[in-house]
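What follows is protein_26.pdb (PDB, C-alpha atoms).
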```
ATOM      1  CA  MET I 471     -59.835 -10.140 -35.515
ATOM      2  CA  SER I 472     -59.471 -13.929 -35.524
ATOM      3  CA  ASN I 473     -59.417 -16.303 -32.567
ATOM      4  CA  ALA I 474     -57.859 -19.696 -31.934
ATOM      5  CA  VAL I 475     -58.124 -21.985 -28.912
ATOM      6  CA  ILE I 476     -55.926 -24.968 -28.108
ATOM      7  CA  LYS I 477     -55.860 -27.414 -25.195
ATOM      8  CA  ILE I 478     -52.455 -28.281 -23.711
ATOM      9  CA  ASP I 479     -51.005 -29.694 -20.512
ATOM     10  CA  GLN I 480     -49.667 -27.671 -17.601
ATOM     11  CA  PRO I 481     -45.937 -28.300 -18.306
ATOM     12  CA  THR I 482     -46.438 -26.829 -21.785
ATOM     13  CA  ILE I 483     -48.278 -23.841 -20.317
ATOM     14  CA  LEU I 484     -45.270 -23.212 -18.068
ATOM     15  CA  LYS I 485     -42.990 -23.404 -21.124
ATOM     16  CA  MET I 486     -45.249 -20.888 -22.855
ATOM     17  CA  LYS I 487     -45.132 -18.599 -19.836
ATOM     18  CA  SER I 488     -41.320 -18.633 -19.946
ATOM     19  CA  TYR I 489     -41.296 -18.194 -23.739
ATOM     20  CA  TYR I 490     -43.533 -15.112 -23.611
ATOM     21  CA  SER I 491     -42.078 -13.710 -20.374
ATOM     22  CA  ALA I 492     -40.671 -10.587 -22.035
ATOM     23  CA  ASP I 493     -44.076  -9.817 -23.563
ATOM     24  CA  SER I 494     -46.252 -10.735 -20.601
ATOM     25  CA  GLY I 495     -48.878  -8.361 -19.262
ATOM     26  CA  ALA I 496     -49.076  -7.095 -15.714
ATOM     27  CA  LYS I 497     -52.799  -7.883 -15.294
ATOM     28  CA  VAL I 498     -53.807 -11.544 -15.419
ATOM     29  CA  PRO I 499     -57.508 -12.395 -15.887
ATOM     30  CA  PRO I 500     -59.248 -14.552 -13.255
ATOM     31  CA  GLY I 501     -58.441 -18.226 -13.731
ATOM     32  CA  ALA I 502     -55.492 -17.477 -16.027
ATOM     33  CA  VAL I 503     -51.834 -18.434 -15.615
ATOM     34  CA  PHE I 504     -50.502 -15.587 -17.756
ATOM     35  CA  THR I 505     -51.364 -13.178 -20.545
ATOM     36  CA  ALA I 506     -49.014 -11.754 -23.168
ATOM     37  CA  LYS I 507     -48.981  -9.773 -26.402
ATOM     38  CA  SER I 508     -46.627 -11.150 -29.042
ATOM     39  CA  ASN I 509     -46.346 -11.569 -32.800
ATOM     40  CA  GLY I 510     -49.494  -9.601 -33.525
ATOM     41  CA  CYS I 511     -51.844 -11.331 -31.098
ATOM     42  CA  THR I 512     -52.867 -11.601 -27.452
ATOM     43  CA  ILE I 513     -52.257 -14.935 -25.728
ATOM     44  CA  THR I 514     -54.119 -15.908 -22.541
ATOM     45  CA  ALA I 515     -53.413 -19.272 -20.897
ATOM     46  CA  TYR I 516     -55.873 -20.643 -18.341
ATOM     47  CA  LYS I 517     -55.398 -23.094 -15.473
ATOM     48  CA  SER I 518     -57.852 -25.418 -17.212
ATOM     49  CA  GLY I 519     -55.275 -25.995 -19.957
ATOM     50  CA  LYS I 520     -57.045 -23.911 -22.580
ATOM     51  CA  VAL I 521     -55.057 -21.197 -24.341
ATOM     52  CA  LEU I 522     -56.822 -18.399 -26.222
ATOM     53  CA  PHE I 523     -55.087 -16.587 -29.095
ATOM     54  CA  GLN I 524     -56.695 -13.341 -30.320
ATOM     55  CA  GLY I 525     -55.536 -11.204 -33.236
ATOM     56  CA  ASN I 526     -54.781 -11.252 -36.930
ATOM     57  CA  ARG I 527     -52.018 -13.853 -36.468
ATOM     58  CA  ALA I 528     -53.830 -15.955 -33.877
ATOM     59  CA  SER I 529     -53.844 -19.169 -35.909
ATOM     60  CA  GLU I 530     -50.164 -18.837 -36.802
ATOM     61  CA  GLU I 531     -49.157 -18.307 -33.172
ATOM     62  CA  ALA I 532     -51.384 -21.165 -31.948
ATOM     63  CA  GLU I 533     -49.773 -23.539 -34.449
ATOM     64  CA  LYS I 534     -46.422 -23.152 -32.678
ATOM     65  CA  TRP I 535     -47.872 -24.938 -29.681
ATOM     66  CA  SER I 536     -50.583 -27.211 -31.073
ATOM     67  CA  LYS I 537     -48.463 -29.012 -33.683
ATOM     68  CA  PRO I 538     -45.539 -29.955 -31.410
ATOM     69  CA  GLU I 539     -48.070 -31.193 -28.853
ATOM     70  CA  GLN I 540     -49.725 -33.468 -31.436
ATOM     71  CA  LYS I 541     -46.363 -34.851 -32.517
ATOM     72  CA  THR I 542     -45.339 -35.582 -28.964
ATOM     73  CA  THR I 543     -48.596 -37.475 -28.405
ATOM     74  CA  LYS I 544     -48.028 -39.632 -31.459
ATOM     75  CA  LYS I 545     -44.317 -40.247 -30.871
ATOM     76  CA  PRO I 546     -43.533 -39.920 -27.170
ATOM     77  CA  SER I 547     -40.342 -41.911 -27.650
ATOM     78  CA  LYS I 548     -38.747 -39.142 -29.720
ATOM     79  CA  PRO I 549     -38.085 -36.167 -27.416
ATOM     80  CA  LEU I 550     -35.721 -33.379 -28.447
ATOM     81  CA  THR I 551     -32.831 -34.849 -26.440
ATOM     82  CA  VAL I 552     -30.589 -34.898 -29.517
ATOM     83  CA  PHE I 553     -29.627 -31.331 -28.628
ATOM     84  CA  SER I 554     -28.674 -32.102 -25.026
ATOM     85  CA  PRO I 555     -24.958 -31.554 -24.328
ATOM     86  CA  PRO I 556     -22.795 -34.665 -23.905
ATOM     87  CA  PRO I 557     -21.553 -35.522 -20.392
ATOM     88  CA  ASN I 558     -17.958 -34.513 -21.231
ATOM     89  CA  ILE I 559     -18.792 -31.150 -22.811
ATOM     90  CA  SER I 560     -16.962 -29.173 -20.120
ATOM     91  CA  THR I 561     -13.668 -30.648 -21.370
ATOM     92  CA  LEU I 562     -14.238 -29.907 -25.086
ATOM     93  CA  SER I 563     -13.381 -26.978 -27.350
ATOM     94  CA  ILE I 564     -16.705 -25.154 -27.564
ATOM     95  CA  ILE I 565     -18.370 -22.064 -28.983
ATOM     96  CA  GLY I 566     -20.718 -20.764 -26.307
ATOM     97  CA  SER I 567     -23.359 -18.079 -26.805
ATOM     98  CA  ASP I 568     -25.379 -15.987 -24.399
ATOM     99  CA  GLU I 569     -27.302 -12.712 -24.339
ATOM    100  CA  VAL I 570     -27.870  -9.840 -21.914
ATOM    101  CA  GLY I 571     -30.488  -7.115 -21.706
ATOM    102  CA  THR I 572     -33.651  -8.976 -22.673
ATOM    103  CA  GLY I 573     -35.392  -8.179 -19.393
ATOM    104  CA  ASP I 574     -34.095  -4.616 -19.072
ATOM    105  CA  PHE I 575     -36.409  -1.776 -20.079
ATOM    106  CA  PHE I 576     -33.510   0.557 -20.823
ATOM    107  CA  GLY I 577     -30.721  -0.473 -23.150
ATOM    108  CA  PRO I 578     -30.153  -2.874 -26.029
ATOM    109  CA  ILE I 579     -29.867  -6.637 -26.286
ATOM    110  CA  THR I 580     -26.243  -7.733 -26.542
ATOM    111  CA  VAL I 581     -25.362 -11.210 -27.793
ATOM    112  CA  VAL I 582     -21.908 -12.792 -27.753
ATOM    113  CA  ALA I 583     -20.558 -16.051 -29.122
ATOM    114  CA  ALA I 584     -17.174 -16.967 -27.614
ATOM    115  CA  TYR I 585     -14.781 -19.773 -28.505
ATOM    116  CA  VAL I 586     -12.843 -21.492 -25.740
ATOM    117  CA  LYS I 587     -10.402 -24.256 -26.628
ATOM    118  CA  LYS I 588      -9.988 -27.092 -24.184
ATOM    119  CA  GLU I 589      -6.384 -25.973 -23.642
ATOM    120  CA  GLN I 590      -7.675 -22.562 -22.437
ATOM    121  CA  ILE I 591     -10.150 -23.808 -19.840
ATOM    122  CA  GLN I 592      -7.684 -23.658 -16.947
ATOM    123  CA  LEU I 593      -6.539 -20.171 -18.003
ATOM    124  CA  LEU I 594     -10.098 -18.872 -17.987
ATOM    125  CA  GLN I 595     -10.630 -20.354 -14.548
ATOM    126  CA  GLU I 596      -7.563 -18.450 -13.348
ATOM    127  CA  LEU I 597      -8.959 -15.258 -14.888
ATOM    128  CA  GLY I 598     -12.045 -15.695 -12.726
ATOM    129  CA  VAL I 599     -14.491 -16.591 -15.493
ATOM    130  CA  LYS I 600     -17.799 -17.892 -14.132
ATOM    131  CA  ASP I 601     -21.518 -17.186 -14.386
ATOM    132  CA  SER I 602     -21.828 -13.393 -14.800
ATOM    133  CA  LYS I 603     -24.813 -13.376 -12.423
ATOM    134  CA  HIS I 604     -22.321 -14.029  -9.609
ATOM    135  CA  LEU I 605     -20.083 -11.109 -10.592
ATOM    136  CA  ASN I 606     -20.537  -7.399  -9.945
ATOM    137  CA  ASP I 607     -20.071  -4.756 -12.633
ATOM    138  CA  LYS I 608     -16.504  -3.988 -11.556
ATOM    139  CA  GLN I 609     -15.515  -7.666 -11.770
ATOM    140  CA  ILE I 610     -17.281  -8.010 -15.130
ATOM    141  CA  THR I 611     -15.276  -5.109 -16.556
ATOM    142  CA  SER I 612     -11.961  -6.431 -15.252
ATOM    143  CA  ILE I 613     -12.457  -9.994 -16.516
ATOM    144  CA  ALA I 614     -13.922  -8.854 -19.838
ATOM    145  CA  LYS I 615     -10.848  -6.763 -20.647
ATOM    146  CA  ASP I 616      -8.714  -9.891 -20.233
ATOM    147  CA  LEU I 617     -11.075 -11.981 -22.343
ATOM    148  CA  LEU I 618     -11.042  -9.456 -25.192
ATOM    149  CA  VAL I 619      -7.375 -10.252 -25.852
ATOM    150  CA  THR I 620      -7.502 -13.939 -24.925
ATOM    151  CA  ILE I 621     -10.284 -15.648 -26.887
ATOM    152  CA  PRO I 622     -12.030 -15.205 -30.252
ATOM    153  CA  TYR I 623     -15.559 -13.820 -29.948
ATOM    154  CA  SER I 624     -18.372 -12.242 -31.953
ATOM    155  CA  LEU I 625     -20.537  -9.452 -30.533
ATOM    156  CA  LEU I 626     -23.899  -8.253 -31.864
ATOM    157  CA  ILE I 627     -25.898  -5.344 -30.430
ATOM    158  CA  LEU I 628     -29.598  -4.883 -31.134
ATOM    159  CA  HIS I 629     -30.143  -1.198 -30.397
ATOM    160  CA  ASN I 630     -33.470   0.055 -29.112
ATOM    161  CA  GLU I 631     -34.596   1.773 -32.319
ATOM    162  CA  LYS I 632     -34.152  -1.431 -34.328
ATOM    163  CA  TYR I 633     -35.634  -3.564 -31.544
ATOM    164  CA  ASN I 634     -38.785  -1.418 -31.424
ATOM    165  CA  GLN I 635     -39.093  -1.456 -35.210
ATOM    166  CA  LEU I 636     -38.890  -5.267 -35.324
ATOM    167  CA  GLN I 637     -41.282  -5.631 -32.401
ATOM    168  CA  SER I 638     -43.818  -3.349 -34.091
ATOM    169  CA  THR I 639     -43.921  -5.732 -37.073
ATOM    170  CA  GLY I 640     -44.962  -8.587 -34.780
ATOM    171  CA  MET I 641     -41.562 -10.210 -34.305
ATOM    172  CA  SER I 642     -41.251 -11.738 -30.846
ATOM    173  CA  GLN I 643     -38.249 -11.162 -28.643
ATOM    174  CA  GLY I 644     -37.576 -14.904 -28.800
ATOM    175  CA  LYS I 645     -37.187 -14.753 -32.576
ATOM    176  CA  MET I 646     -34.917 -11.723 -32.330
ATOM    177  CA  LYS I 647     -32.690 -13.577 -29.873
ATOM    178  CA  ALA I 648     -32.568 -16.698 -32.019
ATOM    179  CA  ILE I 649     -31.517 -14.717 -35.090
ATOM    180  CA  LEU I 650     -28.874 -12.829 -33.116
ATOM    181  CA  HIS I 651     -27.424 -15.994 -31.577
ATOM    182  CA  ASN I 652     -27.288 -17.671 -34.969
ATOM    183  CA  GLN I 653     -25.596 -14.675 -36.602
ATOM    184  CA  ALA I 654     -23.022 -14.375 -33.813
ATOM    185  CA  ILE I 655     -22.208 -18.094 -34.024
ATOM    186  CA  ASN I 656     -21.842 -17.949 -37.827
ATOM    187  CA  LYS I 657     -19.576 -14.904 -37.629
ATOM    188  CA  LEU I 658     -17.388 -16.660 -35.070
ATOM    189  CA  TYR I 659     -17.175 -19.801 -37.206
ATOM    190  CA  ASP I 660     -15.862 -17.590 -40.012
ATOM    191  CA  LYS I 661     -13.414 -15.888 -37.672
ATOM    192  CA  ILE I 662     -11.809 -19.106 -36.381
ATOM    193  CA  ALA I 663     -11.829 -20.966 -39.739
ATOM    194  CA  PRO I 664     -10.379 -23.347 -40.771
ATOM    195  CA  GLU I 665     -10.446 -24.514 -37.144
ATOM    196  CA  VAL I 666     -13.672 -26.324 -36.249
ATOM    197  CA  PRO I 667     -14.943 -26.475 -32.642
ATOM    198  CA  ASP I 668     -16.101 -29.711 -31.027
ATOM    199  CA  GLY I 669     -19.547 -28.184 -30.713
ATOM    200  CA  VAL I 670     -21.742 -25.181 -29.959
ATOM    201  CA  LEU I 671     -23.534 -24.634 -26.653
ATOM    202  CA  ILE I 672     -26.394 -22.125 -26.555
ATOM    203  CA  ASP I 673     -27.791 -20.855 -23.280
ATOM    204  CA  GLN I 674     -31.332 -22.107 -23.822
ATOM    205  CA  PHE I 675     -34.198 -19.610 -23.985
ATOM    206  CA  ALA I 676     -36.496 -21.717 -26.198
ATOM    207  CA  GLU I 677     -37.020 -25.340 -27.138
ATOM    208  CA  PRO I 678     -34.636 -26.356 -29.960
ATOM    209  CA  ALA I 679     -37.527 -26.886 -32.389
ATOM    210  CA  ILE I 680     -38.759 -23.337 -31.739
ATOM    211  CA  TYR I 681     -35.220 -21.939 -32.023
ATOM    212  CA  PHE I 682     -34.672 -23.534 -35.431
ATOM    213  CA  LYS I 683     -38.115 -22.445 -36.572
ATOM    214  CA  HIS I 684     -37.193 -18.858 -35.684
ATOM    215  CA  ILE I 685     -34.054 -18.986 -37.856
ATOM    216  CA  ASN I 686     -35.656 -20.813 -40.763
ATOM    217  CA  GLY I 687     -34.417 -19.140 -43.942
ATOM    218  CA  HIS I 688     -31.043 -18.311 -42.411
ATOM    219  CA  GLN I 689     -27.859 -20.362 -42.672
ATOM    220  CA  TYR I 690     -27.475 -22.485 -39.555
ATOM    221  CA  ARG I 691     -25.945 -25.686 -38.194
ATOM    222  CA  THR I 692     -27.666 -28.412 -36.234
ATOM    223  CA  GLU I 693     -24.800 -30.917 -35.995
ATOM    224  CA  ASN I 694     -23.036 -30.735 -32.621
ATOM    225  CA  THR I 695     -25.274 -27.841 -31.575
ATOM    226  CA  PHE I 696     -26.406 -28.190 -27.980
ATOM    227  CA  PHE I 697     -28.862 -26.324 -25.755
ATOM    228  CA  SER I 698     -29.028 -26.105 -21.985
ATOM    229  CA  THR I 699     -30.462 -23.799 -19.371
ATOM    230  CA  LYS I 700     -27.861 -22.422 -16.955
ATOM    231  CA  ALA I 701     -25.258 -23.225 -19.601
ATOM    232  CA  GLU I 702     -22.755 -20.848 -17.926
ATOM    233  CA  GLY I 703     -22.196 -23.594 -15.371
ATOM    234  CA  ILE I 704     -21.741 -26.291 -18.019
ATOM    235  CA  HIS I 705     -18.953 -24.768 -20.107
ATOM    236  CA  LEU I 706     -16.756 -21.714 -19.589
ATOM    237  CA  ALA I 707     -17.338 -20.655 -23.199
ATOM    238  CA  VAL I 708     -20.907 -19.666 -22.289
ATOM    239  CA  ALA I 709     -19.726 -18.003 -19.072
ATOM    240  CA  ALA I 710     -17.169 -16.015 -21.098
ATOM    241  CA  ALA I 711     -19.852 -15.056 -23.635
ATOM    242  CA  SER I 712     -22.104 -13.940 -20.792
ATOM    243  CA  ILE I 713     -19.363 -11.736 -19.310
ATOM    244  CA  LEU I 714     -18.536 -10.121 -22.656
ATOM    245  CA  ALA I 715     -22.223  -9.547 -23.404
ATOM    246  CA  ARG I 716     -22.704  -7.973 -19.980
ATOM    247  CA  TYR I 717     -19.620  -5.782 -20.444
ATOM    248  CA  SER I 718     -20.960  -4.532 -23.770
ATOM    249  CA  PHE I 719     -24.375  -3.899 -22.233
ATOM    250  CA  LEU I 720     -22.814  -1.824 -19.436
ATOM    251  CA  LYS I 721     -20.911   0.298 -21.962
ATOM    252  CA  GLU I 722     -24.081   0.849 -23.985
ATOM    253  CA  MET I 723     -25.980   1.832 -20.835
ATOM    254  CA  ASP I 724     -23.288   4.431 -20.063
ATOM    255  CA  LEU I 725     -23.760   5.936 -23.530
ATOM    256  CA  LEU I 726     -27.537   5.985 -23.170
ATOM    257  CA  SER I 727     -27.229   7.567 -19.718
ATOM    258  CA  VAL I 728     -25.340  10.465 -21.286
ATOM    259  CA  LYS I 729     -28.100  10.836 -23.876
ATOM    260  CA  ALA I 730     -30.770  10.714 -21.162
ATOM    261  CA  GLY I 731     -28.930  13.180 -18.939
ATOM    262  CA  MET I 732     -29.170  10.824 -15.989
ATOM    263  CA  THR I 733     -27.891   7.446 -14.822
ATOM    264  CA  LEU I 734     -30.287   4.867 -16.195
ATOM    265  CA  PRO I 735     -31.277   2.034 -13.837
ATOM    266  CA  LYS I 736     -31.172  -1.570 -14.939
ATOM    267  CA  GLY I 737     -34.033  -4.050 -14.829
ATOM    268  CA  ALA I 738     -37.729  -3.250 -15.107
ATOM    269  CA  GLY I 739     -38.786  -2.308 -11.578
ATOM    270  CA  ALA I 740     -40.159   0.786  -9.848
ATOM    271  CA  LYS I 741     -36.891   2.744 -10.143
ATOM    272  CA  VAL I 742     -37.067   2.243 -13.892
ATOM    273  CA  ASP I 743     -40.617   3.647 -13.988
ATOM    274  CA  GLU I 744     -39.496   6.750 -12.066
ATOM    275  CA  ALA I 745     -36.519   7.326 -14.353
ATOM    276  CA  ALA I 746     -38.686   6.860 -17.448
ATOM    277  CA  ALA I 747     -41.242   9.358 -16.137
ATOM    278  CA  ALA I 748     -38.460  11.890 -15.552
ATOM    279  CA  ILE I 749     -37.228  11.441 -19.122
ATOM    280  CA  ILE I 750     -40.747  11.989 -20.499
ATOM    281  CA  ALA I 751     -41.019  15.188 -18.449
ATOM    282  CA  LYS I 752     -37.617  16.541 -19.545
ATOM    283  CA  LYS I 753     -37.116  15.221 -23.067
ATOM    284  CA  GLY I 754     -40.421  13.788 -24.247
ATOM    285  CA  GLU I 755     -41.813  10.391 -25.121
ATOM    286  CA  SER I 756     -39.822  10.073 -28.362
ATOM    287  CA  THR I 757     -36.556  10.247 -26.432
ATOM    288  CA  LEU I 758     -37.776   7.601 -24.005
ATOM    289  CA  LYS I 759     -38.647   5.329 -26.924
ATOM    290  CA  SER I 760     -35.128   5.635 -28.338
ATOM    291  CA  LEU I 761     -33.701   4.454 -25.012
ATOM    292  CA  THR I 762     -36.026   1.554 -24.240
ATOM    293  CA  LYS I 763     -37.842  -1.593 -25.269
ATOM    294  CA  PHE I 764     -40.959   0.502 -25.589
ATOM    295  CA  HIS I 765     -43.547  -2.289 -25.566
ATOM    296  CA  PHE I 766     -42.666  -3.172 -21.958
ATOM    297  CA  ALA I 767     -45.367  -2.277 -19.420
ATOM    298  CA  ASN I 768     -42.953   0.281 -17.931
ATOM    299  CA  SER I 769     -43.852   2.710 -20.733
ATOM    300  CA  GLN I 770     -47.471   2.997 -19.650
ATOM    301  CA  LYS I 771     -46.500   3.174 -15.982
ATOM    302  CA  ALA I 772     -44.049   5.991 -16.758
ATOM    303  CA  LYS I 773     -46.673   7.929 -18.723
ATOM    304  CA  LYS I 774     -49.092   7.720 -15.782
ATOM    305  CA  LEU I 775     -46.390   8.858 -13.349
ATOM    306  CA  ALA I 776     -45.439  11.765 -15.614
ATOM    307  CA  MET I 777     -49.085  12.847 -15.861
ATOM    308  CA  LYS I 778     -49.509  12.546 -12.102
ATOM    309  CA  LYS I 779     -46.506  14.773 -11.479
ATOM    310  CA  LYS I 780     -48.021  17.366 -13.814
ATOM    311  CA  GLY I 781     -51.145  17.331 -11.655
ATOM    312  CA  PHE I 782     -53.436  15.495 -14.074
TER     313      PHE I 782
END
```

Please lay out the structure from this file as structure tokens.
Amino acid sequence: MSNAVIKIDQPTILKMKSYYSADSGAKVPPGAVFTAKSNGCTITAYKSGKVLFQGNRASEEAEKWSKPEQKTTKKPSKPLTVFSPPPNISTLSIIGSDEVGTGDFFGPITVVAAYVKKEQIQLLQELGVKDSKHLNDKQITSIAKDLLVTIPYSLLILHNEKYNQLQSTGMSQGKMKAILHNQAINKLYDKIAPEVPDGVLIDQFAEPAIYFKHINGHQYRTENTFFSTKAEGIHLAVAAASILARYSFLKEMDLLSVKAGMTLPKGAGAKVDEAAAAIIAKKGESTLKSLTKFHFANSQKAKKLAMKKKGF
């Protein structure tokens, strides 16, 4: 097992914490900000600014954070603002992309790219399109059914079996999302051709440099590609993509609930642990794995609960 240690500032540690959030561990060592297991190694970031990488791919994972930091020190006048959306983006014809399900133990990741022309913005407002986080499941379903026949879109679903297989090879969830977003955007470009949008807006889950590193080797576009957190509030194309992704996720959860023989809860909280333990007791661990992102801490919690109920 190899080790690597880098020294970074606190803002970068917070970015790392967000980047590895899906892979973070429940127990944090004394003096640490977070710990996570990703891409074949364990990452522990300390309040002192030191970050320890342990595992066979420690050096590779550490490079993601040490090299950008060195470049920023040498050239502070060249931040990655080139990918910031222009002030008038809300009035443009845009492909927006978003994903759902990354923080849910049960269910797949669904990614949608949606194209909204500037002439359709008012129509989507009338349909009630807005950030899906402010809509309940019934509203999501109603609006999504209208969107399906109103705008061009591309949907990709990363089912749990494939997700777990990729994760077992060391691929991070961030890389999976980047590849899915890129594929959905490319498919939508093909679908609307020869029409060309004014730009692409991606709901940001990683720094642009990291995103493009993840999709290195794939066909992608950088020109007029923009990133922003809370992008659903910047352009309705992202809000529409979010709604369609959520709608697809809900349908997939219904199918998995039938397979599980029970209604599966969303999220990754205590109710999820209880449901997972019940599935282990009734159908076994292999069934649970086929329904979940198995590397989440919920798996171990569910196993302990199942053992406890058996009297062990």

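Within a radius of 9 Å around (-38.0, -12.0, -29.6), the polymer residues are I:Tyr490, I:Ala492, I:Asp493, I:Ser508, I:Asn509, I:Thr572, I:Tyr633, I:Leu636, I:Gln637, I:Met641, I:Ser642, I:Gln643, I:Gly644, I:Lys645, I:Met646, I:Lys647, I:Ala648, I:Ile649, counting only C-alpha atoms.
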
Checklist entry - Between atom CA of Asn630 of chain I and atom CA of Lys608 of chain I, what is the spacing in Å? => result 24.7 Å

Checklist entry - Near Lys588 of chain I, counting all atoms listed in the file, which residues have an atom at most 9 Å away, once you skip same-chain residues fewer than 3 positions from it, shown as a list in words? => result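 Contacts, with the query itself left out: Ser560, Thr561, Leu562, Ser563, Ile564, Ile591 and Gln592 of chain I.
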
Mind running segment 544-647 of chain I against segment 696-705 of chain I at 10 Å and telling me each contacting residue's nearest atom pair with the distance in Å (one decimal), counting all atoms listed in the file, chain and number ascending, as CSV?
```
residue,atom,partner,partner_atom,distance
I:Thr551,CA,I:Phe696,CA,9.4
I:Val552,CA,I:Phe696,CA,8.1
I:Phe553,CA,I:Phe696,CA,4.5
I:Ser554,CA,I:Phe696,CA,5.4
I:Pro555,CA,I:Phe696,CA,5.2
I:Pro556,CA,I:Phe696,CA,8.5
I:Pro557,CA,I:Ile704,CA,9.5
I:Asn558,CA,I:Ile704,CA,9.6
I:Ile559,CA,I:His705,CA,6.9
I:Ser560,CA,I:His705,CA,4.8
I:Thr561,CA,I:His705,CA,8.0
I:Leu562,CA,I:His705,CA,8.6
I:Ser563,CA,I:His705,CA,9.4
I:Ile564,CA,I:His705,CA,7.8
I:Ile565,CA,I:His705,CA,9.3
I:Gly566,CA,I:His705,CA,7.6
I:Ser567,CA,I:Ala701,CA,9.1
I:Asp568,CA,I:Glu702,CA,8.5
I:Val586,CA,I:His705,CA,8.9
I:Ile591,CA,I:His705,CA,8.9
I:Val599,CA,I:Glu702,CA,9.6
I:Lys600,CA,I:Glu702,CA,6.9
I:Asp601,CA,I:Glu702,CA,5.2
I:Ser602,CA,I:Glu702,CA,8.1
I:Lys603,CA,I:Glu702,CA,9.5
```

Go ahead and dump the residues you just picked, C-alpha atoms, as a short mmCIF file (atom, residue, chain, number, x, y, z; two decimals), in the frame of the given file.
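Okay, this is what ended up in selection25.cif:
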```cif
data_model
loop_
_atom_site.label_atom_id
_atom_site.label_comp_id
_atom_site.auth_asym_id
_atom_site.auth_seq_id
_atom_site.Cartn_x
_atom_site.Cartn_y
_atom_site.Cartn_z
CA THR I 551 -32.83 -34.85 -26.44
CA VAL I 552 -30.59 -34.90 -29.52
CA PHE I 553 -29.63 -31.33 -28.63
CA SER I 554 -28.67 -32.10 -25.03
CA PRO I 555 -24.96 -31.55 -24.33
CA PRO I 556 -22.80 -34.66 -23.90
CA PRO I 557 -21.55 -35.52 -20.39
CA ASN I 558 -17.96 -34.51 -21.23
CA ILE I 559 -18.79 -31.15 -22.81
CA SER I 560 -16.96 -29.17 -20.12
CA THR I 561 -13.67 -30.65 -21.37
CA LEU I 562 -14.24 -29.91 -25.09
CA SER I 563 -13.38 -26.98 -27.35
CA ILE I 564 -16.70 -25.15 -27.56
CA ILE I 565 -18.37 -22.06 -28.98
CA GLY I 566 -20.72 -20.76 -26.31
CA SER I 567 -23.36 -18.08 -26.80
CA ASP I 568 -25.38 -15.99 -24.40
CA VAL I 586 -12.84 -21.49 -25.74
CA ILE I 591 -10.15 -23.81 -19.84
CA VAL I 599 -14.49 -16.59 -15.49
CA LYS I 600 -17.80 -17.89 -14.13
CA ASP I 601 -21.52 -17.19 -14.39
CA SER I 602 -21.83 -13.39 -14.80
CA LYS I 603 -24.81 -13.38 -12.42
#
```

Checklist entry - Mind pulling up the distance from atom CA of Ile655 of chain I to atom CA of Gln595 of chain I? => result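 Straight-line distance from atom CA of Gln595 of chain I to atom CA of Ile655 of chain I works out to 22.8 Å.
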
Next on the checklist: For a test of reading the model, state the distance in Å between atom CA of Val708 of chain I and atom CA of His651 of chain I, rounded to one decimal.
Outcome noted: 11.9 Å
